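Participant: Input structure: work11.txt, which contains compact mmCIF, C-alpha atoms and all ligand atoms.
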# COMPACT_ATOMS: atom_id res chain seq x y z
CA MET F 25 75.97 156.28 94.68
CA ASN F 26 76.95 156.57 91.10
CA TYR F 27 74.08 158.14 89.24
CA MET F 28 75.86 160.34 86.72
CA SER F 29 77.09 157.39 84.71
CA ILE F 30 74.94 154.37 84.57
CA ASP F 31 76.39 151.53 86.41
CA PHE F 32 73.28 149.50 86.76
CA GLU F 33 74.68 146.99 89.20
CA ASN F 34 75.66 149.74 91.61
CA SER F 35 72.43 151.65 91.31
CA LEU F 36 70.61 148.77 92.96
CA ASP F 37 70.39 150.32 96.43
CA ASN F 38 69.08 153.53 95.06
CA TYR F 39 65.60 153.41 93.67
CA VAL F 40 63.84 150.10 93.63
CA TYR F 41 60.07 149.91 93.55
CA TYR F 42 57.15 147.54 93.71
CA ARG F 43 56.85 147.52 89.91
CA GLY F 44 58.43 149.07 86.84
CA ARG F 45 55.44 151.35 86.43
CA VAL F 46 55.99 152.74 89.94
CA ALA F 47 59.55 153.64 88.92
CA LEU F 48 58.19 155.43 85.84
CA TYR F 49 55.57 157.22 87.93
CA GLU F 50 58.24 158.44 90.36
CA ILE F 51 60.41 159.65 87.47
CA LEU F 52 57.46 161.56 85.96
CA ARG F 53 56.57 163.15 89.30
CA SER F 54 60.16 164.19 89.84
CA LEU F 55 60.06 165.87 86.42
CA ASP F 56 57.08 167.89 87.72
CA ILE F 57 54.67 166.35 85.24
CA LYS F 58 51.18 167.48 86.16
CA ALA F 59 47.54 167.67 85.10
CA GLY F 60 47.14 168.93 81.54
CA ASP F 61 50.63 167.82 80.50
CA ARG F 62 51.13 165.25 77.78
CA VAL F 63 53.66 162.46 77.86
CA ILE F 64 54.65 160.71 74.65
CA THR F 65 54.98 156.95 74.52
CA GLN F 66 54.90 154.56 71.59
CA ALA F 67 51.91 152.48 70.56
CA PHE F 68 52.78 148.75 70.72
CA THR F 69 53.44 148.95 74.44
CA CYS F 70 51.84 147.57 77.58
CA VAL F 71 49.24 149.21 79.79
CA ALA F 72 51.79 149.71 82.60
CA VAL F 73 53.17 152.74 80.76
CA PRO F 74 49.95 154.77 80.27
CA GLU F 75 48.86 153.67 83.74
CA ALA F 76 51.91 155.42 85.24
CA ILE F 77 51.42 158.51 83.03
CA MET F 78 47.79 158.81 84.09
CA ALA F 79 48.61 158.16 87.75
CA ALA F 80 50.90 161.19 87.51
CA GLY F 81 47.88 163.16 86.22
CA ALA F 82 49.08 163.54 82.62
CA LYS F 83 47.68 162.29 79.33
CA PRO F 84 49.46 159.69 77.20
CA GLU F 85 50.10 160.64 73.57
CA TYR F 86 50.94 157.74 71.24
CA VAL F 87 53.59 157.70 68.52
CA ASP F 88 53.47 155.01 65.85
CA ILE F 89 56.26 152.47 65.36
CA GLU F 90 58.52 152.04 62.34
CA THR F 91 57.16 150.41 59.18
CA ASN F 92 59.21 147.24 59.57
CA GLY F 93 60.15 147.34 63.24
CA PHE F 94 58.89 147.50 66.81
CA ASN F 95 60.23 150.85 68.04
CA MET F 96 59.20 154.49 67.85
CA ASP F 97 59.08 156.09 64.39
CA VAL F 98 61.01 159.36 64.46
CA VAL F 99 58.94 161.04 61.72
CA ASP F 100 55.71 160.39 63.60
CA LEU F 101 57.38 161.56 66.82
CA GLN F 102 58.10 164.90 65.17
CA ASP F 103 54.42 165.23 64.19
CA LYS F 104 53.19 164.49 67.71
CA ILE F 105 55.36 167.02 69.58
CA THR F 106 53.35 170.00 70.83
CA LYS F 107 53.96 172.58 73.55
CA ASP F 108 52.04 170.40 76.01
CA VAL F 109 54.43 167.46 75.65
CA LYS F 110 56.60 167.40 78.78
CA ALA F 111 58.39 164.05 78.43
CA ILE F 112 59.12 161.36 75.84
CA ILE F 113 59.28 157.70 76.89
CA VAL F 114 61.39 155.65 74.49
CA GLN F 115 60.92 151.88 74.57
CA HIS F 116 63.61 149.42 73.46
CA THR F 117 61.13 146.77 72.40
CA TYR F 118 62.20 143.11 72.88
CA GLY F 119 65.68 144.50 73.59
CA ILE F 120 66.15 146.18 70.21
CA PRO F 121 67.55 149.67 70.89
CA ALA F 122 65.45 152.53 69.52
CA GLU F 123 66.90 155.07 67.06
CA MET F 124 68.40 157.13 69.89
CA GLY F 125 70.46 159.41 67.64
CA SER F 126 67.55 161.08 65.86
CA ILE F 127 65.17 160.82 68.83
CA LEU F 128 67.60 162.62 71.15
CA SER F 129 68.35 165.40 68.69
CA LEU F 130 64.63 166.00 68.13
CA ALA F 131 63.95 165.96 71.88
CA SER F 132 66.78 168.36 72.68
CA LYS F 133 65.65 170.74 69.91
CA HIS F 134 62.33 171.01 71.75
CA ASP F 135 63.93 170.79 75.19
CA ILE F 136 61.87 167.75 76.21
CA PRO F 137 63.36 165.19 78.62
CA VAL F 138 63.70 161.59 77.39
CA ILE F 139 62.99 158.59 79.64
CA GLU F 140 64.14 155.15 78.47
CA ASP F 141 61.88 152.14 79.00
CA CYS F 142 64.49 149.41 79.53
CA CYS F 143 62.01 146.80 80.79
CA HIS F 144 63.00 144.44 77.96
CA THR F 145 66.74 144.80 78.22
CA LEU F 146 69.62 145.64 80.51
CA LYS F 147 72.50 144.95 78.16
CA SER F 148 71.59 146.13 74.66
CA LYS F 149 73.80 148.79 73.13
CA TYR F 150 73.28 151.63 70.70
CA ARG F 151 76.44 152.85 68.92
CA GLY F 152 78.48 151.04 71.55
CA ILE F 153 76.73 152.63 74.54
CA ARG F 154 74.48 150.66 76.82
CA VAL F 155 70.78 151.57 76.79
CA GLY F 156 69.71 153.50 79.86
CA ASN F 157 72.55 155.99 79.38
CA PHE F 158 70.81 158.22 76.86
CA GLY F 159 67.86 159.76 78.67
CA VAL F 160 67.56 161.77 81.89
CA ALA F 161 66.34 158.54 83.47
CA SER F 162 65.52 154.94 82.65
CA PHE F 163 63.35 152.28 84.27
CA TYR F 164 63.38 148.48 84.54
CA SER F 165 60.98 145.68 85.47
CA TYR F 166 61.64 142.27 87.06
CA GLU F 167 58.39 140.38 86.66
CA TRP F 168 57.61 137.34 84.50
CA GLY F 169 58.87 137.56 80.98
CA LYS F 170 61.55 140.18 81.72
CA PRO F 171 65.32 139.62 81.44
CA LEU F 172 65.73 139.31 85.23
CA VAL F 173 62.85 137.64 87.04
CA ILE F 174 62.50 138.12 90.80
CA GLY F 175 58.69 137.84 90.94
CA ILE F 176 57.68 141.48 90.82
CA GLY F 177 59.57 144.77 90.99
CA GLY F 178 61.16 147.60 89.11
CA SER F 179 63.86 150.21 89.38
CA ALA F 180 64.76 153.69 88.24
CA VAL F 181 68.22 154.83 87.19
CA ILE F 182 68.73 158.60 87.13
CA ASN F 183 71.26 160.45 84.96
CA ASP F 184 70.50 163.98 86.06
CA GLU F 185 71.59 165.58 89.30
CA LYS F 186 68.55 167.78 89.87
CA LEU F 187 66.16 164.96 89.08
CA ASN F 188 68.10 162.74 91.43
CA GLU F 189 67.63 165.11 94.36
CA LYS F 190 63.88 165.11 93.81
CA ILE F 191 63.40 161.40 93.35
CA LYS F 192 65.55 160.71 96.42
CA LEU F 193 63.32 162.91 98.55
CA SER F 194 60.18 161.21 97.32
CA TYR F 195 61.72 157.76 97.78
CA GLU F 196 62.17 158.33 101.49
CA GLY F 197 58.43 158.76 101.88
CA LEU F 198 57.40 155.47 100.25
CA SER F 199 56.03 152.47 102.14
CA SER F 200 56.08 148.69 101.62
CA PRO F 201 53.40 146.24 100.52
CA SER F 202 51.52 144.29 103.20
CA ILE F 203 52.81 140.99 104.54
CA LEU F 204 50.00 139.13 102.77
CA ARG F 205 51.04 140.66 99.48
CA LYS F 206 54.62 139.58 100.10
CA ILE F 207 53.56 136.03 100.86
CA ARG F 208 51.54 135.88 97.67
CA ILE F 209 54.46 137.19 95.62
CA GLN F 210 56.75 134.63 97.23
CA LEU F 211 54.41 131.67 96.62
CA GLN F 212 53.95 132.71 93.03
CA TYR F 213 57.68 133.01 92.51
CA LEU F 214 58.29 129.56 93.99
CA ALA F 215 55.58 128.05 91.80
CA PHE F 216 56.99 129.77 88.74
CA SER F 217 60.58 128.76 89.34
CA SER F 218 59.64 125.14 90.06
CA PHE F 219 57.36 124.63 87.07
CA TYR F 220 58.40 126.96 84.27
CA ARG F 221 60.19 125.64 81.24
CA PRO F 222 59.45 126.54 77.63
CA GLU F 223 57.90 123.10 77.02
CA LEU F 224 55.22 123.85 79.64
CA TYR F 225 54.42 127.39 78.53
CA TRP F 226 50.87 126.75 77.37
CA PRO F 227 49.53 124.81 80.39
CA ILE F 228 51.23 127.24 82.80
CA LYS F 229 49.74 130.19 80.98
CA TYR F 230 46.33 128.58 81.23
CA VAL F 231 46.62 127.97 84.98
CA PHE F 232 48.04 131.43 85.64
CA ASN F 233 45.20 133.15 83.76
CA PHE F 234 42.70 130.99 85.61
CA LEU F 235 44.14 131.92 89.03
CA GLY F 236 44.46 135.54 87.94
CA ASN F 237 40.78 135.67 87.06
CA LEU F 238 39.97 134.30 90.49
CA ARG F 239 42.23 137.06 91.89
CA ILE F 240 44.42 134.45 93.56
CA ALA F 241 47.49 135.27 91.50
CA GLU F 242 49.07 138.70 91.23
CA GLY F 243 48.36 139.63 87.61
CA ASN F 244 50.31 142.11 85.51
CA TYR F 245 47.25 144.06 84.58
CA HIS F 246 44.66 145.80 86.70
CA PRO F 247 41.09 146.18 85.64
CA LEU F 248 40.85 149.73 84.37
CA GLY F 249 38.74 152.13 86.35
CA GLY F 250 38.70 155.86 86.93
CA ASP F 251 41.23 155.70 89.77
CA TYR F 252 44.75 155.23 88.45
CA ALA F 253 46.58 156.33 91.57
CA SER F 254 46.23 152.92 93.18
CA GLU F 255 48.04 152.22 96.44
CA GLU F 256 50.80 150.33 94.59
CA PHE F 257 52.19 153.63 93.35
CA GLY F 258 53.33 154.38 96.89
CA TRP F 259 55.38 151.21 97.38
CA LYS F 260 59.06 150.43 97.24
CA MET F 261 60.58 147.01 96.67
CA PRO F 262 60.46 144.76 99.76
CA THR F 263 63.85 143.73 101.19
CA PHE F 264 63.61 140.04 100.29
CA LEU F 265 63.17 141.01 96.64
CA LYS F 266 66.12 143.42 96.80
CA ARG F 267 68.32 140.53 97.96
CA ARG F 268 67.04 138.32 95.18
CA LEU F 269 67.72 141.08 92.64
CA ALA F 270 71.30 141.41 93.91
CA ARG F 271 71.83 137.66 93.45
CA LYS F 272 70.32 137.67 89.96
CA LEU F 273 72.41 140.63 88.88
CA GLU F 274 75.53 138.58 89.56
CA LYS F 275 74.39 136.15 86.88
CA LEU F 276 73.43 138.80 84.38
CA ASP F 277 76.48 138.42 82.13
CA LYS F 278 76.11 134.67 81.94
CA GLN F 279 72.44 135.05 81.17
CA THR F 280 73.15 137.65 78.51
CA ASN F 281 75.61 135.29 76.79
CA HIS F 282 73.00 132.55 76.85
CA SER F 283 70.31 134.80 75.39
CA ASN F 284 72.73 135.86 72.65
CA TRP F 285 73.50 132.24 71.81
CA VAL F 286 69.79 131.33 71.62
CA SER F 287 68.94 134.37 69.44
CA LYS F 288 71.85 133.68 67.11
CA SER F 289 70.70 130.09 66.69
CA TYR F 290 67.20 131.26 65.79
CA ARG F 291 68.58 133.84 63.38
CA ASN F 292 70.92 131.43 61.61
CA LYS F 293 68.71 128.35 61.51
CA ILE F 294 65.18 129.61 60.95
CA LYS F 295 64.91 130.24 57.23
CA LYS F 296 61.31 130.25 56.20
CA THR F 297 59.85 132.53 53.59
CA GLY F 298 57.04 134.55 55.13
CA LEU F 299 58.89 134.89 58.44
CA THR F 300 60.80 138.15 58.78
CA HIS F 301 63.67 138.31 61.29
CA PRO F 302 64.26 141.55 63.22
CA LYS F 303 66.44 143.88 61.19
CA THR F 304 70.00 144.56 62.24
CA ASP F 305 72.37 147.38 61.48
CA GLN F 306 75.76 148.41 62.77
CA ASP F 307 74.35 150.95 65.24
CA VAL F 308 72.44 148.43 67.29
CA HIS F 309 73.49 145.52 69.41
CA ALA F 310 70.31 143.86 70.68
CA VAL F 311 70.15 141.49 73.63
CA PHE F 312 66.72 139.97 73.05
CA VAL F 313 64.33 139.31 75.93
CA ARG F 314 62.34 137.38 73.32
CA TYR F 315 63.17 136.87 69.66
CA PRO F 316 60.47 138.36 67.40
CA PHE F 317 59.32 137.49 63.89
CA ILE F 318 56.90 139.28 61.61
CA SER F 319 54.56 136.76 60.02
CA LYS F 320 51.50 136.93 57.80
CA ASP F 321 50.01 133.89 59.53
CA LYS F 322 50.17 134.84 63.19
CA GLN F 323 46.98 133.13 64.34
CA GLU F 324 47.77 129.90 62.55
CA LEU F 325 51.32 129.87 63.94
CA ILE F 326 50.07 130.37 67.50
CA GLU F 327 47.49 127.60 67.15
CA ASN F 328 50.06 125.20 65.73
CA ALA F 329 52.56 126.10 68.46
CA LYS F 330 49.94 125.29 71.09
CA THR F 331 49.35 121.82 69.68
CA SER F 332 53.09 121.20 69.22
CA GLY F 333 53.96 122.37 72.75
CA ILE F 334 56.24 125.16 71.53
CA GLU F 335 56.41 128.37 73.53
CA LEU F 336 55.44 131.08 71.06
CA ALA F 337 54.14 134.28 72.60
CA ASP F 338 51.70 136.65 70.92
CA TRP F 339 52.38 139.94 72.68
CA TYR F 340 51.77 142.63 71.91
CA ASN F 341 48.30 141.79 70.71
CA THR F 342 46.90 145.29 70.87
CA PRO F 343 48.55 148.74 70.61
CA VAL F 344 48.23 149.10 74.42
CA HIS F 345 48.45 145.49 75.53
CA PRO F 346 46.15 143.86 76.65
CA LEU F 347 43.45 146.53 76.23
CA SER F 348 40.95 146.45 73.41
CA GLY F 349 37.84 148.28 72.26
CA VAL F 350 36.54 150.91 74.64
CA GLU F 351 39.35 150.22 77.13
CA LEU F 352 41.77 151.77 74.66
CA GLU F 353 39.84 155.02 74.85
CA HIS F 354 40.33 155.06 78.63
CA VAL F 355 44.08 155.31 78.06
CA ASN F 356 43.61 157.92 75.33
CA TYR F 357 44.43 155.62 72.41
CA LYS F 358 42.32 156.23 69.32
CA ILE F 359 41.81 153.17 67.16
CA GLY F 360 43.29 153.79 63.71
CA SER F 361 45.76 156.41 64.99
CA CYS F 362 48.91 154.24 64.83
CA LYS F 363 48.60 152.08 61.72
CA ASN F 364 51.97 150.32 61.90
CA ALA F 365 51.46 149.36 65.54
CA GLU F 366 48.01 147.95 64.82
CA LYS F 367 49.34 146.00 61.87
CA ARG F 368 52.30 144.64 63.85
CA CYS F 369 49.91 143.35 66.57
CA ASN F 370 48.44 141.04 63.93
CA GLU F 371 51.87 139.91 62.72
CA VAL F 372 54.23 139.41 65.65
CA VAL F 373 55.20 136.13 67.29
CA THR F 374 58.15 135.67 69.66
CA LEU F 375 60.33 132.77 70.80
CA PRO F 376 61.88 132.66 74.30
CA THR F 377 65.60 133.29 74.93
CA ASN F 378 65.70 132.86 78.73
CA GLN F 379 68.05 130.56 80.69
CA PHE F 380 65.54 127.69 80.67
CA VAL F 381 65.79 127.47 76.88
CA GLY F 382 68.18 124.61 76.21
CA ARG F 383 69.69 123.13 73.07
CA ARG F 384 66.78 120.69 72.71
CA PHE F 385 64.14 123.41 72.82
CA VAL F 386 66.07 125.48 70.29
CA GLU F 387 66.19 122.50 67.91
CA ARG F 388 62.48 121.83 68.32
CA ALA F 389 61.61 125.50 67.84
CA VAL F 390 63.77 125.73 64.71
CA LYS F 391 62.20 122.61 63.25
CA PHE F 392 58.72 123.86 64.11
CA MET F 393 59.19 127.31 62.59
CA ASN F 394 60.79 125.91 59.44
CA SER F 395 57.90 123.48 58.95
CA GLN F 396 55.18 126.16 58.95
CA GLY F 397 53.28 127.55 55.97
C1 LIG F 401 56.85 145.07 81.88
C2 LIG F 401 56.88 146.38 81.23
C3 LIG F 401 56.69 147.59 81.96
C4 LIG F 401 56.45 147.69 83.44
O1 LIG F 401 55.96 146.58 84.05
P1 LIG F 401 55.59 146.48 85.61
O2 LIG F 401 54.54 145.43 85.61
O3 LIG F 401 55.05 147.77 86.07
O4 LIG F 401 56.84 146.07 86.34
C5 LIG F 401 56.80 148.77 81.26
N1 LIG F 401 57.06 148.81 79.95
C6 LIG F 401 57.23 147.69 79.23
C7 LIG F 401 57.52 147.81 77.77
C8 LIG F 401 57.14 146.45 79.83
O5 LIG F 401 57.32 145.34 79.10
Let me see whether you can do it: turn the structure in this file into structure tokens.
Ligand SMILES: *Cc1c(COP(=O)(O)O)cnc(C)c1O

Facilitator:
Amino acid sequence: MNYMSIDFENSLDNYVYYRGRVALYEILRSLDIKAGDRVITQAFTCVAVPEAIMAAGAKPEYVDIETNGFNMDVVDLQDKITKDVKAIIVQHTYGIPAEMGSILSLASKHDIPVIEDCCHTLKSKYRGIRVGNFGVASFYSYEWGKPLVIGIGGSAVINDEKLNEKIKLSYEGLSSPSILRKIRIQLQYLAFSSFYRPELYWPIKYVFNFLGNLRIAEGNYHPLGGDYASEEFGWKMPTFLKRRLARKLEKLDKQTNHSNWVSKSYRNKIKKTGLTHPKTDQDVHAVFVRYPFISKDKQELIENAKTSGIELADWYNTPVHPLSGVELEHVNYKIGSCKNAEKRCNEVVTLPTNQFVGRRFVERAVKFMNSQG
């Protein structure tokens, strides 16, 4: 076991869970996070993150994102640090590495551990170092829409010896999902891998939501209630998914090259005023899980993409996706508290970069985006 330097491929046997949020929950518990503690996360995230924080008994505290980006704003982070903050979760949104330099120096000044949310990327680098190497721990997810899709699942990679001892102990006590659950995951995976291609995004999304509402499909989001410590938080990854993950990891480099080619094509060929590409600088090397744009006409773009059969995703739509209104209060998000995140929700659209995106789709997407407005 090689936990002191991240070698993701080798960490596979270590800590693999039913979902990414379970990995986060186990990391938080191993850091002795408890009732009354606060855990910082960014707004413009998904409900999985506050769900894990609350399952551990703590309260999520939201930091706004950068004015023109999708990641944590360091100035706002500084304002939100109090003596009750016991961990900082840093998200590398869409695969764009966060400003780790200034975040880490702020965190170490206050002696607060940093956890990296690597659910959108396995291969991005910050100043030449792969994400997941900066914090005391990092976590990953393998469901739909993530860089590696195995159906459902997550993992934790630990960079700290003491933390590792604790999480190992807890891991031994976890159980597995029921056989029915496994069958459902398997059927869903088979359906997804037979039908998905970017051209069929909209009808598949429609069917999946329909089945999810009927509770036939395993959705990504639970209805929010008072009880966050649902049984899923006690589950590891079933063996058949571990094997699938091992097989997918072998193709990770090839997939990364493909994603880089697709993103580069979008960046070079989509030249429309009113569409802002993600910013680049020499510190960051992003491997995009999806390629984001900031647009003034989000709703119109989405509607047009639907009629043209172009996969164009709208997440995140709310600061704690997909919650809105009073549901946001349940996860301790106050509307109006993170202005940039709320604004970005009304501006962001993303194109796919996965291995099903071929040359033809790229051409159609480029033509579509350039014809808007
Ligand atoms: C997908 C995702 C997670 C965790 O997802 P699970 O459904 O628990 O596997 C956490 N954070 C981000 C940013 C994600 O996109």

Participant: List all protein, DNA and RNA residues that have any atom at most 9 Å from ligand LIG 401 (chain F), counting only C-alpha atoms and all ligand atoms, and write the list as a PyMOL selection string.

Facilitator: chain F and resi 41-48+68-73+75-76+115-118+141-144+163-170+176-179+243-245

Participant: List as a PDB file with C-alpha atoms, in the coordinates of the input: which residues have an atom within 12 Å of (76.6, 152.8, 74.6), counting only C-alpha atoms?

Facilitator:
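Result saved to selection-v9.pdb:
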ATOM      1  CA  SER F  29      77.090 157.390  84.710  1.00  0.00           C
ATOM      2  CA  ILE F  30      74.940 154.370  84.570  1.00  0.00           C
ATOM      3  CA  ASP F  31      76.390 151.530  86.410  1.00  0.00           C
ATOM      4  CA  PRO F 121      67.550 149.670  70.890  1.00  0.00           C
ATOM      5  CA  MET F 124      68.400 157.130  69.890  1.00  0.00           C
ATOM      6  CA  GLY F 125      70.460 159.410  67.640  1.00  0.00           C
ATOM      7  CA  LEU F 146      69.620 145.640  80.510  1.00  0.00           C
ATOM      8  CA  LYS F 147      72.500 144.950  78.160  1.00  0.00           C
ATOM      9  CA  SER F 148      71.590 146.130  74.660  1.00  0.00           C
ATOM     10  CA  LYS F 149      73.800 148.790  73.130  1.00  0.00           C
ATOM     11  CA  TYR F 150      73.280 151.630  70.700  1.00  0.00           C
ATOM     12  CA  ARG F 151      76.440 152.850  68.920  1.00  0.00           C
ATOM     13  CA  GLY F 152      78.480 151.040  71.550  1.00  0.00           C
ATOM     14  CA  ILE F 153      76.730 152.630  74.540  1.00  0.00           C
ATOM     15  CA  ARG F 154      74.480 150.660  76.820  1.00  0.00           C
ATOM     16  CA  VAL F 155      70.780 151.570  76.790  1.00  0.00           C
ATOM     17  CA  GLY F 156      69.710 153.500  79.860  1.00  0.00           C
ATOM     18  CA  ASN F 157      72.550 155.990  79.380  1.00  0.00           C
ATOM     19  CA  PHE F 158      70.810 158.220  76.860  1.00  0.00           C
ATOM     20  CA  GLY F 159      67.860 159.760  78.670  1.00  0.00           C
ATOM     21  CA  ASP F 307      74.350 150.950  65.240  1.00  0.00           C
ATOM     22  CA  VAL F 308      72.440 148.430  67.290  1.00  0.00           C
ATOM     23  CA  HIS F 309      73.490 145.520  69.410  1.00  0.00           C
ATOM     24  CA  ALA F 310      70.310 143.860  70.680  1.00  0.00           C
TER      25      ALA F 310
END

Participant: Quick one: residues within 9 Å of segment 392-396 of chain F, only C-alpha atoms counted, chain neighbours fewer than 5 positions away excluded, as an mmCIF file with C-alpha atoms, in the coordinates of the input?

Facilitator:
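Output saved as selection_27.cif:
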data_model
loop_
_atom_site.group_PDB
_atom_site.id
_atom_site.type_symbol
_atom_site.label_atom_id
_atom_site.label_comp_id
_atom_site.auth_asym_id
_atom_site.auth_seq_id
_atom_site.Cartn_x
_atom_site.Cartn_y
_atom_site.Cartn_z
ATOM 1 C CA LYS F 293 68.710 128.350 61.510
ATOM 2 C CA ILE F 294 65.180 129.610 60.950
ATOM 3 C CA LYS F 295 64.910 130.240 57.230
ATOM 4 C CA LYS F 296 61.310 130.250 56.200
ATOM 5 C CA THR F 297 59.850 132.530 53.590
ATOM 6 C CA LEU F 299 58.890 134.890 58.440
ATOM 7 C CA LEU F 325 51.320 129.870 63.940
ATOM 8 C CA ASN F 328 50.060 125.200 65.730
ATOM 9 C CA ALA F 329 52.560 126.100 68.460
ATOM 10 C CA SER F 332 53.090 121.200 69.220
ATOM 11 C CA ILE F 334 56.240 125.160 71.530
ATOM 12 C CA GLU F 387 66.190 122.500 67.910
#

Participant: With only C-alpha atoms as the basis for distance, which of F:Pro346, F:His301, F:Ile174, F:Asn92 is at the shortest distance from Arg271 of chain F?

Facilitator: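 Distance minimum relative to Arg271 of chain F lands on F:Ile174.
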
Participant: Give me the residues within 8 Å of segment 126-132 of chain F as a list in words, counting all atoms listed in the file and dropping any in the same chain fewer than 5 places off.

Facilitator: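 Contacts, in chain order: Val98, Gln102, Ile112, Pro137, Val138 and Phe158 of chain F.
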
Participant: Pick from F:Gly236, F:Gly93, F:Gly119, F:Gly175: nearest to Phe264 of chain F, with only C-alpha atoms counted?

Facilitator: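 Among the listed residues, F:Gly175 lies closest to Phe264 of chain F.
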
Participant: List the spatial neighbours of Lys288 of chain F as a list in words - criterion: any atom at most 12 Å away, all atoms listed in the file, same-chain residues fewer than 6 positions off excluded.

Facilitator: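 Near neighbours after the sequence-gap exclusion: Asn281, His282, Ile294, His301, Pro302, Ala310, Val311, Phe312, Arg314, Tyr315, Thr377, Val386 and Val390 of chain F.
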
Participant: Could you check which of F:Ile139, F:Leu276, F:Met96, F:Ala365 is closest to Asp184 of chain F, using only C-alpha atoms?

Facilitator: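 Looking only at the distances to Asp184 of chain F, the closest residue turns out to be F:Ile139.
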
Participant: May I ask for the distance between atom CA of Asn356 of chain F and atom CA of Glu256 of chain F, given in Å to one decimal place?

Facilitator: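 Here the two named atoms are 21.9 Å from each other.
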
Participant: As an exercise, work out the distance from atom CA of Thr65 of chain F to atom CA of Gln323 of chain F in Å and give it to one decimal place.

Facilitator: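 These atoms are spaced 27.1 Å apart.
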
Participant: In Å, with one decimal, what is the gap from atom CA of Leu214 of chain F to atom CA of Asp277 of chain F?

Facilitator: 23.5 Å

Participant: Taking only C-alpha atoms into account, name the residue in F:Asn284, F:Thr331, F:Ser289, F:Ser54 that is nearest to Trp226 of chain F.

Facilitator: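 The shortest atom-to-atom distance to Trp226 of chain F comes from F:Thr331.
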
Participant: Using all atoms listed in the file, pick whichever of F:Ser319, F:Thr374, F:Gln379, F:Asn233 has the shortest atom-to-atom distance to Gly397 of chain F.

Facilitator: F:Ser319

Participant: Please provide the set of residues having any atom within 10 Å of Leu347 of chain F, restricted to all atoms listed in the file, with same-chain residues fewer than 3 positions apart removed, written as a PDB file with C-alpha atoms, keeping the file's coordinate frame.

Facilitator:
ATOM      1  CA  CYS F  70      51.840 147.570  77.580  1.00  0.00           C
ATOM      2  CA  VAL F  71      49.240 149.210  79.790  1.00  0.00           C
ATOM      3  CA  TYR F 245      47.250 144.060  84.580  1.00  0.00           C
ATOM      4  CA  PRO F 247      41.090 146.180  85.640  1.00  0.00           C
ATOM      5  CA  LEU F 248      40.850 149.730  84.370  1.00  0.00           C
ATOM      6  CA  ASN F 341      48.300 141.790  70.710  1.00  0.00           C
ATOM      7  CA  THR F 342      46.900 145.290  70.870  1.00  0.00           C
ATOM      8  CA  PRO F 343      48.550 148.740  70.610  1.00  0.00           C
ATOM      9  CA  VAL F 344      48.230 149.100  74.420  1.00  0.00           C
ATOM     10  CA  VAL F 350      36.540 150.910  74.640  1.00  0.00           C
ATOM     11  CA  GLU F 351      39.350 150.220  77.130  1.00  0.00           C
ATOM     12  CA  LEU F 352      41.770 151.770  74.660  1.00  0.00           C
ATOM     13  CA  GLU F 353      39.840 155.020  74.850  1.00  0.00           C
ATOM     14  CA  HIS F 354      40.330 155.060  78.630  1.00  0.00           C
ATOM     15  CA  VAL F 355      44.080 155.310  78.060  1.00  0.00           C
ATOM     16  CA  TYR F 357      44.430 155.620  72.410  1.00  0.00           C
TER      17      TYR F 357
END

Participant: Find the residues with any atom within 10 Å of (55.2, 168.8, 75.7); use all atoms listed in the file and the coordinates as given in the file, and write the answer as number ranges by chain.

Facilitator: F: 57, 60-64, 85, 104-112, 131, 134-137

Participant: Using all atoms listed in the file, pick whichever of F:Arg53, F:His345, F:Lys278, F:Arg383 has the shortest atom-to-atom distance to Lys192 of chain F.

Facilitator: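 Nearest candidate to Lys192 of chain F out of F:Arg53, F:His345, F:Lys278, F:Arg383: F:Arg53.
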
Participant: Find the residues around Ile228 of chain F up to 12 Å (all atoms listed in the file counted), leave out those fewer than 5 positions away in its own chain, and share them as a list in words.

Facilitator: Gln212, Ala215, Phe216, Ser217, Ser218, Phe219, Tyr220, Arg221, Pro222, Glu223, Asn233, Phe234, Leu235, Gly236, Lys330, Gly333 and Glu335 of chain F
